[in-house]
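Q: Just model_31.cif, nothing more (mmCIF, C-alpha atoms):
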```
data_upload
loop_
_atom_site.group_PDB
_atom_site.id
_atom_site.type_symbol
_atom_site.label_atom_id
_atom_site.label_comp_id
_atom_site.auth_asym_id
_atom_site.auth_seq_id
_atom_site.Cartn_x
_atom_site.Cartn_y
_atom_site.Cartn_z
ATOM 1 C CA MET H 3 64.676 49.573 -76.730
ATOM 2 C CA SER H 4 62.745 47.273 -74.448
ATOM 3 C CA THR H 5 65.447 47.358 -71.762
ATOM 4 C CA GLN H 6 65.585 51.156 -71.532
ATOM 5 C CA PRO H 7 62.368 51.601 -69.480
ATOM 6 C CA SER H 8 63.430 48.859 -67.068
ATOM 7 C CA LEU H 9 66.799 50.555 -66.487
ATOM 8 C CA GLU H 10 65.138 53.887 -65.827
ATOM 9 C CA GLN H 11 62.644 52.220 -63.556
ATOM 10 C CA ARG H 12 65.486 50.536 -61.670
ATOM 11 C CA LEU H 13 67.311 53.846 -61.241
ATOM 12 C CA GLU H 14 64.133 55.451 -59.976
ATOM 13 C CA GLU H 15 63.698 52.617 -57.465
ATOM 14 C CA ILE H 16 67.260 53.130 -56.246
ATOM 15 C CA ARG H 17 66.657 56.865 -55.817
ATOM 16 C CA LEU H 18 63.417 56.185 -53.972
ATOM 17 C CA THR H 19 65.131 53.662 -51.712
ATOM 18 C CA ARG H 20 67.833 56.190 -50.866
ATOM 19 C CA ARG H 21 65.238 58.865 -50.083
ATOM 20 C CA VAL H 22 63.351 56.501 -47.813
ATOM 21 C CA ARG H 23 66.589 55.482 -46.120
ATOM 22 C CA TRP H 24 67.617 59.076 -45.457
ATOM 23 C CA ILE H 25 64.137 59.912 -44.166
ATOM 24 C CA LEU H 26 64.382 56.925 -41.820
ATOM 25 C CA TYR H 27 67.849 58.006 -40.663
ATOM 26 C CA GLY H 28 66.542 61.504 -40.029
ATOM 27 C CA PHE H 29 63.580 60.174 -38.065
ATOM 28 C CA LEU H 30 65.783 57.899 -35.941
ATOM 29 C CA SER H 31 68.213 60.772 -35.315
ATOM 30 C CA LEU H 32 65.336 62.975 -34.214
ATOM 31 C CA CYS H 33 64.109 60.251 -31.858
ATOM 32 C CA PHE H 34 67.612 59.835 -30.421
ATOM 33 C CA ILE H 35 68.056 63.575 -29.855
ATOM 34 C CA SER H 36 64.613 63.838 -28.283
ATOM 35 C CA ALA H 37 65.280 60.899 -25.965
ATOM 36 C CA PHE H 38 68.669 62.311 -24.955
ATOM 37 C CA TYR H 39 67.260 65.779 -24.307
ATOM 38 C CA GLY H 40 64.346 64.303 -22.374
ATOM 39 C CA SER H 41 66.780 62.306 -20.228
ATOM 40 C CA LEU H 42 68.732 65.457 -19.372
ATOM 41 C CA LEU H 43 65.508 67.217 -18.398
ATOM 42 C CA LEU H 44 64.363 64.258 -16.326
ATOM 43 C CA ILE H 45 67.574 64.106 -14.287
ATOM 44 C CA GLN H 46 67.735 67.922 -14.127
ATOM 45 C CA PHE H 47 71.214 68.001 -15.647
ATOM 46 C CA SER H 48 72.639 71.514 -15.878
ATOM 47 C CA VAL H 49 76.114 72.452 -17.100
ATOM 48 C CA VAL H 50 75.668 75.913 -15.543
ATOM 49 C CA ASP H 51 74.981 74.448 -12.095
ATOM 50 C CA LEU H 52 78.025 72.191 -12.365
ATOM 51 C CA TYR H 53 80.200 75.116 -13.402
ATOM 52 C CA ASN H 54 78.980 77.227 -10.479
ATOM 53 C CA GLN H 55 79.717 74.344 -8.116
ATOM 54 C CA LEU H 56 83.309 73.918 -9.306
ATOM 55 C CA PRO H 57 84.873 76.291 -6.700
ATOM 56 C CA VAL H 58 83.197 74.385 -3.853
ATOM 57 C CA PHE H 59 84.291 71.073 -5.362
ATOM 58 C CA ALA H 60 87.896 72.299 -5.752
ATOM 59 C CA GLU H 61 87.917 73.413 -2.120
ATOM 60 C CA ARG H 62 86.631 70.111 -0.768
ATOM 61 C CA ILE H 63 88.722 67.884 -3.004
ATOM 62 C CA THR H 64 91.733 68.790 -0.885
ATOM 63 C CA ASN H 65 90.175 66.718 1.914
ATOM 64 C CA TYR H 66 90.396 63.624 -0.285
ATOM 65 C CA THR H 67 94.108 63.052 0.227
ATOM 66 C CA PRO H 68 94.624 59.347 1.033
ATOM 67 C CA ASN H 69 95.704 58.527 4.567
ATOM 68 C CA TRP H 70 98.373 55.981 3.759
ATOM 69 C CA MET H 71 98.833 54.940 7.389
ATOM 70 C CA PHE H 72 95.189 53.873 7.540
ATOM 71 C CA ILE H 73 95.939 51.102 5.037
ATOM 72 C CA LEU H 74 98.128 49.348 7.603
ATOM 73 C CA GLU H 75 96.210 50.429 10.681
ATOM 74 C CA ARG H 76 92.947 48.968 9.429
ATOM 75 C CA ASN H 77 94.635 46.108 7.533
ATOM 76 C CA LEU H 78 92.985 47.045 4.259
ATOM 77 C CA PRO H 79 94.875 44.358 2.284
ATOM 78 C CA ARG H 80 93.051 41.714 4.344
ATOM 79 C CA GLU H 81 89.721 43.411 3.679
ATOM 80 C CA SER H 82 90.471 43.453 -0.030
ATOM 81 C CA VAL H 83 91.194 39.710 0.127
ATOM 82 C CA ILE H 84 87.732 39.221 1.646
ATOM 83 C CA THR H 85 86.237 41.137 -1.284
ATOM 84 C CA LEU H 86 88.268 39.005 -3.684
ATOM 85 C CA ALA H 87 87.052 35.864 -1.903
ATOM 86 C CA VAL H 88 83.415 36.927 -2.337
ATOM 87 C CA GLY H 89 83.892 37.368 -6.067
ATOM 88 C CA PHE H 90 85.874 34.156 -6.450
ATOM 89 C CA ALA H 91 83.570 31.961 -4.354
ATOM 90 C CA GLY H 92 80.487 33.394 -6.043
ATOM 91 C CA THR H 93 81.954 32.644 -9.465
ATOM 92 C CA VAL H 94 82.976 29.079 -8.586
ATOM 93 C CA ILE H 95 79.633 28.214 -6.965
ATOM 94 C CA GLY H 96 77.614 29.762 -9.771
ATOM 95 C CA LEU H 97 79.678 28.206 -12.589
ATOM 96 C CA PRO H 98 78.169 24.658 -12.538
ATOM 97 C CA LEU H 99 74.594 25.970 -12.463
ATOM 98 C CA ALA H 100 75.412 28.502 -15.170
ATOM 99 C CA LEU H 101 76.851 25.701 -17.306
ATOM 100 C CA LEU H 102 73.784 23.517 -16.736
ATOM 101 C CA LEU H 103 71.255 26.236 -17.557
ATOM 102 C CA GLY H 104 73.417 27.516 -20.405
ATOM 103 C CA VAL H 105 73.500 24.098 -22.068
ATOM 104 C CA LEU H 106 69.800 23.395 -21.494
ATOM 105 C CA GLY H 107 68.930 26.853 -22.776
ATOM 106 C CA SER H 108 70.450 26.126 -26.180
ATOM 107 C CA SER H 109 67.984 25.160 -28.911
ATOM 108 C CA ARG H 110 70.515 22.603 -30.136
ATOM 109 C CA VAL H 111 70.239 20.710 -26.852
ATOM 110 C CA THR H 112 66.685 21.336 -25.657
ATOM 111 C CA PRO H 113 63.900 21.615 -28.258
ATOM 112 C CA PHE H 114 61.677 24.665 -28.550
ATOM 113 C CA PRO H 115 59.825 25.811 -26.455
ATOM 114 C CA LEU H 116 61.373 23.969 -23.492
ATOM 115 C CA ASN H 117 64.689 25.751 -23.983
ATOM 116 C CA PHE H 118 62.933 29.065 -23.307
ATOM 117 C CA LEU H 119 62.044 27.812 -19.839
ATOM 118 C CA PHE H 120 65.731 27.728 -18.944
ATOM 119 C CA ARG H 121 66.384 30.967 -20.812
ATOM 120 C CA GLY H 122 63.597 32.533 -18.786
ATOM 121 C CA VAL H 123 65.228 31.500 -15.507
ATOM 122 C CA MET H 124 68.522 33.018 -16.596
ATOM 123 C CA GLY H 125 66.670 36.100 -17.810
ATOM 124 C CA VAL H 126 65.116 36.631 -14.377
ATOM 125 C CA PHE H 127 68.480 36.218 -12.673
ATOM 126 C CA ARG H 128 70.020 38.762 -15.048
ATOM 127 C CA ALA H 129 67.143 41.219 -14.936
ATOM 128 C CA ILE H 130 67.422 41.767 -11.182
ATOM 129 C CA PRO H 131 70.666 43.585 -10.221
ATOM 130 C CA SER H 132 73.058 42.049 -7.713
ATOM 131 C CA LEU H 133 72.309 44.878 -5.279
ATOM 132 C CA VAL H 134 68.651 43.865 -5.217
ATOM 133 C CA TRP H 135 69.519 40.179 -4.788
ATOM 134 C CA PHE H 136 71.702 41.187 -1.850
ATOM 135 C CA LEU H 137 68.821 43.030 -0.201
ATOM 136 C CA MET H 138 66.501 40.086 -0.806
ATOM 137 C CA PHE H 139 68.875 37.601 0.857
ATOM 138 C CA ILE H 140 69.602 39.724 3.945
ATOM 139 C CA PRO H 141 66.945 37.847 6.006
ATOM 140 C CA LEU H 142 68.753 34.607 5.148
ATOM 141 C CA ALA H 143 72.318 35.477 6.169
ATOM 142 C CA GLY H 144 72.207 39.079 7.449
ATOM 143 C CA LEU H 145 74.562 41.866 6.437
ATOM 144 C CA SER H 146 77.572 39.672 5.779
ATOM 145 C CA ALA H 147 79.961 38.396 3.160
ATOM 146 C CA VAL H 148 77.818 35.263 2.873
ATOM 147 C CA THR H 149 74.854 37.302 1.628
ATOM 148 C CA ALA H 150 77.104 39.103 -0.831
ATOM 149 C CA THR H 151 78.411 35.761 -2.094
ATOM 150 C CA ILE H 152 74.878 34.422 -2.626
ATOM 151 C CA ALA H 153 73.988 37.543 -4.606
ATOM 152 C CA VAL H 154 77.089 37.066 -6.756
ATOM 153 C CA VAL H 155 76.162 33.404 -7.308
ATOM 154 C CA VAL H 156 72.697 34.296 -8.600
ATOM 155 C CA SER H 157 74.105 37.000 -10.847
ATOM 156 C CA THR H 158 76.761 34.616 -12.174
ATOM 157 C CA ILE H 159 74.170 31.994 -13.075
ATOM 158 C CA GLY H 160 72.182 34.488 -15.130
ATOM 159 C CA ASN H 161 75.007 36.336 -16.867
ATOM 160 C CA LEU H 162 77.437 33.475 -17.442
ATOM 161 C CA GLY H 163 74.685 31.019 -18.353
ATOM 162 C CA ARG H 164 73.395 33.319 -21.080
ATOM 163 C CA LEU H 165 76.912 33.724 -22.494
ATOM 164 C CA PHE H 166 77.295 29.935 -22.563
ATOM 165 C CA THR H 167 73.990 29.591 -24.416
ATOM 166 C CA ASP H 168 74.996 32.144 -27.033
ATOM 167 C CA GLU H 169 78.308 30.373 -27.620
ATOM 168 C CA LEU H 170 76.605 26.999 -28.080
ATOM 169 C CA GLU H 171 74.259 28.484 -30.670
ATOM 170 C CA GLU H 172 77.291 29.322 -32.837
ATOM 171 C CA VAL H 173 79.027 25.912 -32.870
ATOM 172 C CA GLU H 174 79.633 24.239 -36.230
ATOM 173 C CA GLU H 175 77.233 21.513 -37.225
ATOM 174 C CA GLY H 176 79.846 19.236 -38.856
ATOM 175 C CA GLN H 177 81.356 17.894 -35.647
ATOM 176 C CA ILE H 178 77.894 17.322 -34.161
ATOM 177 C CA GLU H 179 76.760 15.334 -37.192
ATOM 178 C CA ALA H 180 79.966 13.294 -37.094
ATOM 179 C CA MET H 181 79.267 12.368 -33.463
ATOM 180 C CA LYS H 182 75.707 11.339 -34.292
ATOM 181 C CA THR H 183 76.799 9.113 -37.180
ATOM 182 C CA THR H 184 79.098 7.197 -34.833
ATOM 183 C CA GLY H 185 76.145 6.381 -32.581
ATOM 184 C CA ALA H 186 77.090 8.760 -29.770
ATOM 185 C CA SER H 187 74.507 9.404 -27.081
ATOM 186 C CA LYS H 188 72.892 12.792 -26.527
ATOM 187 C CA GLY H 189 75.197 13.518 -23.593
ATOM 188 C CA GLN H 190 78.313 12.510 -25.528
ATOM 189 C CA THR H 191 77.239 14.683 -28.450
ATOM 190 C CA VAL H 192 76.775 17.690 -26.184
ATOM 191 C CA VAL H 193 80.078 17.226 -24.336
ATOM 192 C CA PHE H 194 82.380 16.117 -27.156
ATOM 193 C CA GLY H 195 80.566 17.567 -30.147
ATOM 194 C CA MET H 196 79.469 20.963 -28.810
ATOM 195 C CA ILE H 197 81.184 21.979 -25.581
ATOM 196 C CA SER H 198 84.556 20.800 -26.883
ATOM 197 C CA GLN H 199 84.301 23.404 -29.654
ATOM 198 C CA VAL H 200 83.730 26.299 -27.273
ATOM 199 C CA LYS H 201 85.602 25.246 -24.121
ATOM 200 C CA THR H 202 88.191 27.982 -24.615
ATOM 201 C CA SER H 203 85.463 30.601 -24.965
ATOM 202 C CA PHE H 204 83.741 29.194 -21.874
ATOM 203 C CA ILE H 205 86.914 29.633 -19.822
ATOM 204 C CA ALA H 206 87.483 33.134 -21.203
ATOM 205 C CA TRP H 207 83.913 34.202 -20.393
ATOM 206 C CA THR H 208 84.223 32.728 -16.895
ATOM 207 C CA LEU H 209 87.338 34.800 -16.274
ATOM 208 C CA TYR H 210 85.565 37.897 -17.541
ATOM 209 C CA ILE H 211 82.577 37.303 -15.251
ATOM 210 C CA PHE H 212 85.041 36.814 -12.385
ATOM 211 C CA GLU H 213 86.355 40.330 -13.046
ATOM 212 C CA VAL H 214 82.808 41.667 -12.978
ATOM 213 C CA ASN H 215 82.030 39.763 -9.781
ATOM 214 C CA VAL H 216 85.007 41.252 -7.943
ATOM 215 C CA ARG H 217 83.786 44.752 -8.803
ATOM 216 C CA THR H 218 80.299 43.702 -7.739
ATOM 217 C CA ALA H 219 81.691 42.465 -4.420
ATOM 218 C CA VAL H 220 83.168 45.911 -3.780
ATOM 219 C CA THR H 221 79.769 47.504 -4.450
ATOM 220 C CA LEU H 222 77.951 45.030 -2.217
ATOM 221 C CA GLY H 223 80.414 45.862 0.537
ATOM 222 C CA LEU H 224 79.118 49.426 0.462
ATOM 223 C CA LEU H 225 75.748 48.012 1.520
ATOM 224 C CA GLY H 226 77.218 45.990 4.364
ATOM 225 C CA GLY H 227 78.497 42.974 2.483
ATOM 226 C CA SER H 228 81.845 43.056 4.307
ATOM 227 C CA GLY H 229 85.248 43.525 2.702
ATOM 228 C CA ILE H 230 86.903 46.701 1.525
ATOM 229 C CA GLY H 231 83.605 48.232 0.361
ATOM 230 C CA GLU H 232 82.230 48.231 3.882
ATOM 231 C CA ILE H 233 85.345 49.992 5.176
ATOM 232 C CA ILE H 234 84.924 52.710 2.552
ATOM 233 C CA GLN H 235 81.266 53.167 3.454
ATOM 234 C CA VAL H 236 81.989 53.426 7.197
ATOM 235 C CA GLN H 237 84.754 55.977 6.699
ATOM 236 C CA GLN H 238 82.563 58.028 4.382
ATOM 237 C CA GLY H 239 79.854 58.078 7.045
ATOM 238 C CA LEU H 240 82.405 59.269 9.589
ATOM 239 C CA ARG H 241 83.520 61.967 7.117
ATOM 240 C CA ALA H 242 87.041 60.566 7.346
ATOM 241 C CA TYR H 243 87.695 61.273 3.699
ATOM 242 C CA GLY H 244 91.415 60.555 3.913
ATOM 243 C CA ASN H 245 90.680 57.059 5.196
ATOM 244 C CA MET H 246 87.983 56.650 2.581
ATOM 245 C CA MET H 247 90.419 57.569 -0.198
ATOM 246 C CA ALA H 248 92.945 55.091 1.186
ATOM 247 C CA GLY H 249 90.322 52.374 0.780
ATOM 248 C CA ILE H 250 89.545 53.527 -2.753
ATOM 249 C CA VAL H 251 93.240 53.322 -3.644
ATOM 250 C CA VAL H 252 93.336 49.728 -2.377
ATOM 251 C CA VAL H 253 90.229 48.950 -4.447
ATOM 252 C CA LEU H 254 91.923 50.428 -7.503
ATOM 253 C CA PHE H 255 94.952 48.191 -7.093
ATOM 254 C CA LEU H 256 92.752 45.151 -6.436
ATOM 255 C CA ILE H 257 90.650 45.660 -9.559
ATOM 256 C CA LEU H 258 93.692 46.378 -11.726
ATOM 257 C CA ALA H 259 95.472 43.250 -10.476
ATOM 258 C CA VAL H 260 92.437 41.052 -11.131
ATOM 259 C CA GLU H 261 91.888 42.492 -14.599
ATOM 260 C CA ILE H 262 95.545 42.206 -15.631
ATOM 261 C CA ILE H 263 95.795 38.567 -14.539
ATOM 262 C CA SER H 264 92.426 37.692 -16.090
ATOM 263 C CA GLN H 265 93.272 39.366 -19.385
ATOM 264 C CA ARG H 266 96.612 37.554 -19.483
ATOM 265 C CA PHE H 267 94.847 34.241 -19.004
ATOM 266 C CA ARG H 268 92.347 35.017 -21.743
ATOM 267 C CA SER H 269 95.083 36.179 -24.084
ATOM 268 C CA TYR H 270 97.069 32.979 -23.670
ATOM 269 C CA LEU H 271 93.950 30.826 -23.864
ATOM 270 C CA ARG H 272 93.319 32.068 -27.385
ATOM 271 C CA ASP H 273 96.615 30.445 -28.374
ATOM 272 C CA ASP H 274 96.334 27.321 -26.190
ATOM 273 C CA GLU H 275 93.454 25.185 -27.424
ATOM 274 C CA GLU H 276 94.637 21.874 -25.933
ATOM 275 C CA THR H 277 94.588 20.908 -22.276
ATOM 276 C CA SER H 278 98.359 20.679 -22.264
ATOM 277 C CA GLY H 279 98.451 24.282 -23.408
ATOM 278 C CA LEU H 280 96.348 25.322 -20.425
ATOM 279 C CA VAL H 281 98.673 23.488 -18.072
ATOM 280 C CA ALA H 282 101.642 25.216 -19.650
ATOM 281 C CA LEU H 283 99.828 28.505 -19.230
ATOM 282 C CA LEU H 284 99.339 27.965 -15.505
ATOM 283 C CA VAL H 285 102.941 26.869 -14.990
ATOM 284 C CA GLY H 286 104.547 29.566 -17.115
ATOM 285 C CA LEU H 287 102.259 32.482 -16.246
ATOM 286 C CA PRO H 288 104.576 34.171 -13.678
ATOM 287 C CA GLN H 289 107.543 34.096 -16.048
ATOM 288 C CA ARG H 290 105.526 35.428 -18.977
ATOM 289 C CA MET H 291 104.080 38.257 -16.876
ATOM 290 C CA VAL H 292 107.595 39.315 -15.876
ATOM 291 C CA GLU H 293 108.747 39.155 -19.502
ATOM 292 C CA SER H 294 105.779 41.269 -20.605
ATOM 293 C CA ALA H 295 106.487 43.851 -17.908
ATOM 294 C CA LEU H 296 110.111 44.171 -19.043
ATOM 295 C CA LYS H 297 109.201 44.797 -22.681
#
```
As structure tokens, please, write out the structure in this file.

A:
Amino acid sequence: MSTQPSLEQRLEEIRLTRRVRWILYGFLSLCFISAFYGSLLLIQFSVVDLYNQLPVFAERITNYTPNWMFILERNLPRESVITLAVGFAGTVIGLPLALLLGVLGSSRVTPFPLNFLFRGVMGVFRAIPSLVWFLMFIPLAGLSAVTATIAVVVSTIGNLGRLFTDELEEVEEGQIEAMKTTGASKGQTVVFGMISQVKTSFIAWTLYIFEVNVRTAVTLGLLGGSGIGEIIQVQQGLRAYGNMMAGIVVVLFLILAVEIISQRFRSYLRDDEETSGLVALLVGLPQRMVESALK
């Protein structure tokens, strides 16, 4: 008899909890709908206006037929290589600094609150878009691929460094404690006890950021950062839409090639934890790509 009131009280608590939960869900849904509707009003989005503009769009889209001869005339493959070089160089230069800040930003390496100093630096680098960094560095190197590369470097330090920090926060404590019991120094513990656990993830994240940086390099080219993006911007200004579309096609192939190769690397890295596995990956990559294409 004494347990009956407690059971009823528990059931009532469960019902009350469910009511509160549904009220909260309803409130959050209302906030989401209001924010979405407010965004549409703010940007003056109108489905009716878009529908009325469709005939004009359909008429002008015929001008966007790629001029395939322009690809060879303007040597667009070379321009795409310049864009690729900006993304690659920016990633390589930014990687060591990203690794340094990423390690120092981890609470397992640098005690609180000093680790937030390094997190703050990475936060600033991430908060400012690459386009803005590019504009800021124009007085240093002008409208050039060098300025675009510097902007990519700064962006890489912020984005990749933060990813490194997050990975280090998730390492298992057992290997770290084992290193400490053997009398390992702080540096040895970090390198062999922490980074060794996440080296594969570090490489995978670096490849991912490289993909992002190549796309960023195309965008920076539109602002004068050289490469294929600059060609597209110039042709758009000249209203040579066929030439512009030819450049966009080259960009499409460039981005697809980079992403396919990067994803293949990351896929094989998940299965190759040892250094020898990475070497085998590099040596056997062409053959495996051909085999995958034939499947």

Q: So, with all atoms listed in the file as the atoms that count, which of H:Trp24, H:Phe29, H:Tyr53, H:Trp70 lies closest to Ile250 in chain H?

A: H:Trp70

Q: Starting from the shown file, work through the PyMOL selection byres ((chain H and resi 219) around 12) and note down what comes out as a tab-separated table (two decimals) with C-alpha atoms, in the frame of the given file.

A:
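The file below, selection-v9.tsv, is the result:
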```tsv
chain	number	residue	atom	x	y	z
H	81	GLU	CA	89.72	43.41	3.68
H	82	SER	CA	90.47	43.45	-0.03
H	83	VAL	CA	91.19	39.71	0.13
H	84	ILE	CA	87.73	39.22	1.65
H	85	THR	CA	86.24	41.14	-1.28
H	86	LEU	CA	88.27	39.01	-3.68
H	87	ALA	CA	87.05	35.86	-1.90
H	88	VAL	CA	83.42	36.93	-2.34
H	89	GLY	CA	83.89	37.37	-6.07
H	90	PHE	CA	85.87	34.16	-6.45
H	91	ALA	CA	83.57	31.96	-4.35
H	92	GLY	CA	80.49	33.39	-6.04
H	93	THR	CA	81.95	32.64	-9.46
H	132	SER	CA	73.06	42.05	-7.71
H	133	LEU	CA	72.31	44.88	-5.28
H	136	PHE	CA	71.70	41.19	-1.85
H	146	SER	CA	77.57	39.67	5.78
H	147	ALA	CA	79.96	38.40	3.16
H	148	VAL	CA	77.82	35.26	2.87
H	149	THR	CA	74.85	37.30	1.63
H	150	ALA	CA	77.10	39.10	-0.83
H	151	THR	CA	78.41	35.76	-2.09
H	152	ILE	CA	74.88	34.42	-2.63
H	153	ALA	CA	73.99	37.54	-4.61
H	154	VAL	CA	77.09	37.07	-6.76
H	155	VAL	CA	76.16	33.40	-7.31
H	157	SER	CA	74.10	37.00	-10.85
H	212	PHE	CA	85.04	36.81	-12.38
H	213	GLU	CA	86.36	40.33	-13.05
H	214	VAL	CA	82.81	41.67	-12.98
H	215	ASN	CA	82.03	39.76	-9.78
H	216	VAL	CA	85.01	41.25	-7.94
H	217	ARG	CA	83.79	44.75	-8.80
H	218	THR	CA	80.30	43.70	-7.74
H	220	VAL	CA	83.17	45.91	-3.78
H	221	THR	CA	79.77	47.50	-4.45
H	222	LEU	CA	77.95	45.03	-2.22
H	223	GLY	CA	80.41	45.86	0.54
H	224	LEU	CA	79.12	49.43	0.46
H	225	LEU	CA	75.75	48.01	1.52
H	226	GLY	CA	77.22	45.99	4.36
H	227	GLY	CA	78.50	42.97	2.48
H	228	SER	CA	81.84	43.06	4.31
H	229	GLY	CA	85.25	43.52	2.70
H	230	ILE	CA	86.90	46.70	1.52
H	231	GLY	CA	83.60	48.23	0.36
H	232	GLU	CA	82.23	48.23	3.88
H	253	VAL	CA	90.23	48.95	-4.45
H	256	LEU	CA	92.75	45.15	-6.44
H	257	ILE	CA	90.65	45.66	-9.56
```

Q: When the PyMOL selection byres ((chain H and resi 193-196) around 8) is applied to the file above, which residues end up in the set, as JSON, numbers by chain?

A: {"H": [170, 173, 177, 178, 181, 189, 190, 191, 192, 197, 198, 199, 200]}

Q: At what distance in Å, to one decimal, does CA of Leu101 in chain H lie from CA of Ala180 in chain H?

A: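 Value for the CA of Ala180 in chain H-CA of Leu101 in chain H distance: 23.6 Å.
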
Q: Can I get the residues of range 113-188 of chain H within 12 Å of range 96-100 of chain H, each with the closest pair of atoms and their distance in Å to one decimal, using only C-alpha atoms, sorted chain first then ascending number, as JSON lines?

A:
```
{"residue": "H:Phe120", "atom": "CA", "partner": "H:Ala100", "partner_atom": "CA", "distance": 10.4}
{"residue": "H:Arg121", "atom": "CA", "partner": "H:Ala100", "partner_atom": "CA", "distance": 10.9}
{"residue": "H:Val123", "atom": "CA", "partner": "H:Ala100", "partner_atom": "CA", "distance": 10.6}
{"residue": "H:Met124", "atom": "CA", "partner": "H:Ala100", "partner_atom": "CA", "distance": 8.4}
{"residue": "H:Gly125", "atom": "CA", "partner": "H:Ala100", "partner_atom": "CA", "distance": 11.9}
{"residue": "H:Phe127", "atom": "CA", "partner": "H:Ala100", "partner_atom": "CA", "distance": 10.7}
{"residue": "H:Arg128", "atom": "CA", "partner": "H:Ala100", "partner_atom": "CA", "distance": 11.6}
{"residue": "H:Thr151", "atom": "CA", "partner": "H:Gly96", "partner_atom": "CA", "distance": 9.8}
{"residue": "H:Ile152", "atom": "CA", "partner": "H:Gly96", "partner_atom": "CA", "distance": 9.0}
{"residue": "H:Ala153", "atom": "CA", "partner": "H:Gly96", "partner_atom": "CA", "distance": 10.0}
{"residue": "H:Val154", "atom": "CA", "partner": "H:Gly96", "partner_atom": "CA", "distance": 7.9}
{"residue": "H:Val155", "atom": "CA", "partner": "H:Gly96", "partner_atom": "CA", "distance": 4.6}
{"residue": "H:Val156", "atom": "CA", "partner": "H:Gly96", "partner_atom": "CA", "distance": 6.8}
{"residue": "H:Ser157", "atom": "CA", "partner": "H:Gly96", "partner_atom": "CA", "distance": 8.1}
{"residue": "H:Thr158", "atom": "CA", "partner": "H:Gly96", "partner_atom": "CA", "distance": 5.5}
{"residue": "H:Ile159", "atom": "CA", "partner": "H:Ala100", "partner_atom": "CA", "distance": 4.3}
{"residue": "H:Gly160", "atom": "CA", "partner": "H:Ala100", "partner_atom": "CA", "distance": 6.8}
{"residue": "H:Asn161", "atom": "CA", "partner": "H:Ala100", "partner_atom": "CA", "distance": 8.0}
{"residue": "H:Leu162", "atom": "CA", "partner": "H:Ala100", "partner_atom": "CA", "distance": 5.8}
{"residue": "H:Gly163", "atom": "CA", "partner": "H:Ala100", "partner_atom": "CA", "distance": 4.1}
{"residue": "H:Arg164", "atom": "CA", "partner": "H:Ala100", "partner_atom": "CA", "distance": 7.9}
{"residue": "H:Leu165", "atom": "CA", "partner": "H:Ala100", "partner_atom": "CA", "distance": 9.1}
{"residue": "H:Phe166", "atom": "CA", "partner": "H:Ala100", "partner_atom": "CA", "distance": 7.8}
{"residue": "H:Thr167", "atom": "CA", "partner": "H:Ala100", "partner_atom": "CA", "distance": 9.4}
```

Q: Selection in question (the file shown): the PyMOL selection byres ((chain H and resi 110) around 12). Which residues does it include, as a PyMOL selection string?

A: chain H and resi 104-109+111-117+167-175+178-179+188+191-192+195-197

Q: Would you mind telling me which residue in H:Thr19, H:Leu26, H:Met247, H:Leu43 lies nearest to Tyr66 in chain H when using only C-alpha atoms?

A: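 So, comparing all the options, the nearest one is H:Met247.
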
Q: If I take CA of Val236 in chain H and CA of Leu258 in chain H, how far is one from the other in Å, to one decimal?

A: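 Straight-line distance from CA of Val236 in chain H to CA of Leu258 in chain H works out to 23.3 Å.
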
Q: Name all residues at most 10 Å from Asn65 in chain H (count all atoms listed in the file; drop same-chain ones fewer than 6 positions away) and give them as a CSV table (one decimal) with C-alpha atoms, keeping the file's coordinate frame.

A:
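Written out: selection00.csv:
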```
chain,number,residue,atom,x,y,z
H,241,ARG,CA,83.5,62.0,7.1
H,242,ALA,CA,87.0,60.6,7.3
H,243,TYR,CA,87.7,61.3,3.7
H,244,GLY,CA,91.4,60.6,3.9
H,247,MET,CA,90.4,57.6,-0.2
```

Q: Using CA of Val260 in chain H and CA of Tyr210 in chain H as the two end points, give the distance in Å to one decimal.

A: 9.9 Å

Q: Tell me, as a PyMOL selection string, which residues lie within 10 Å of Ala206 in chain H, counting all atoms listed in the file; anything in the same chain fewer than 3 positions away does not count.

A: chain H and resi 200-203+209-212+264-265+267-272
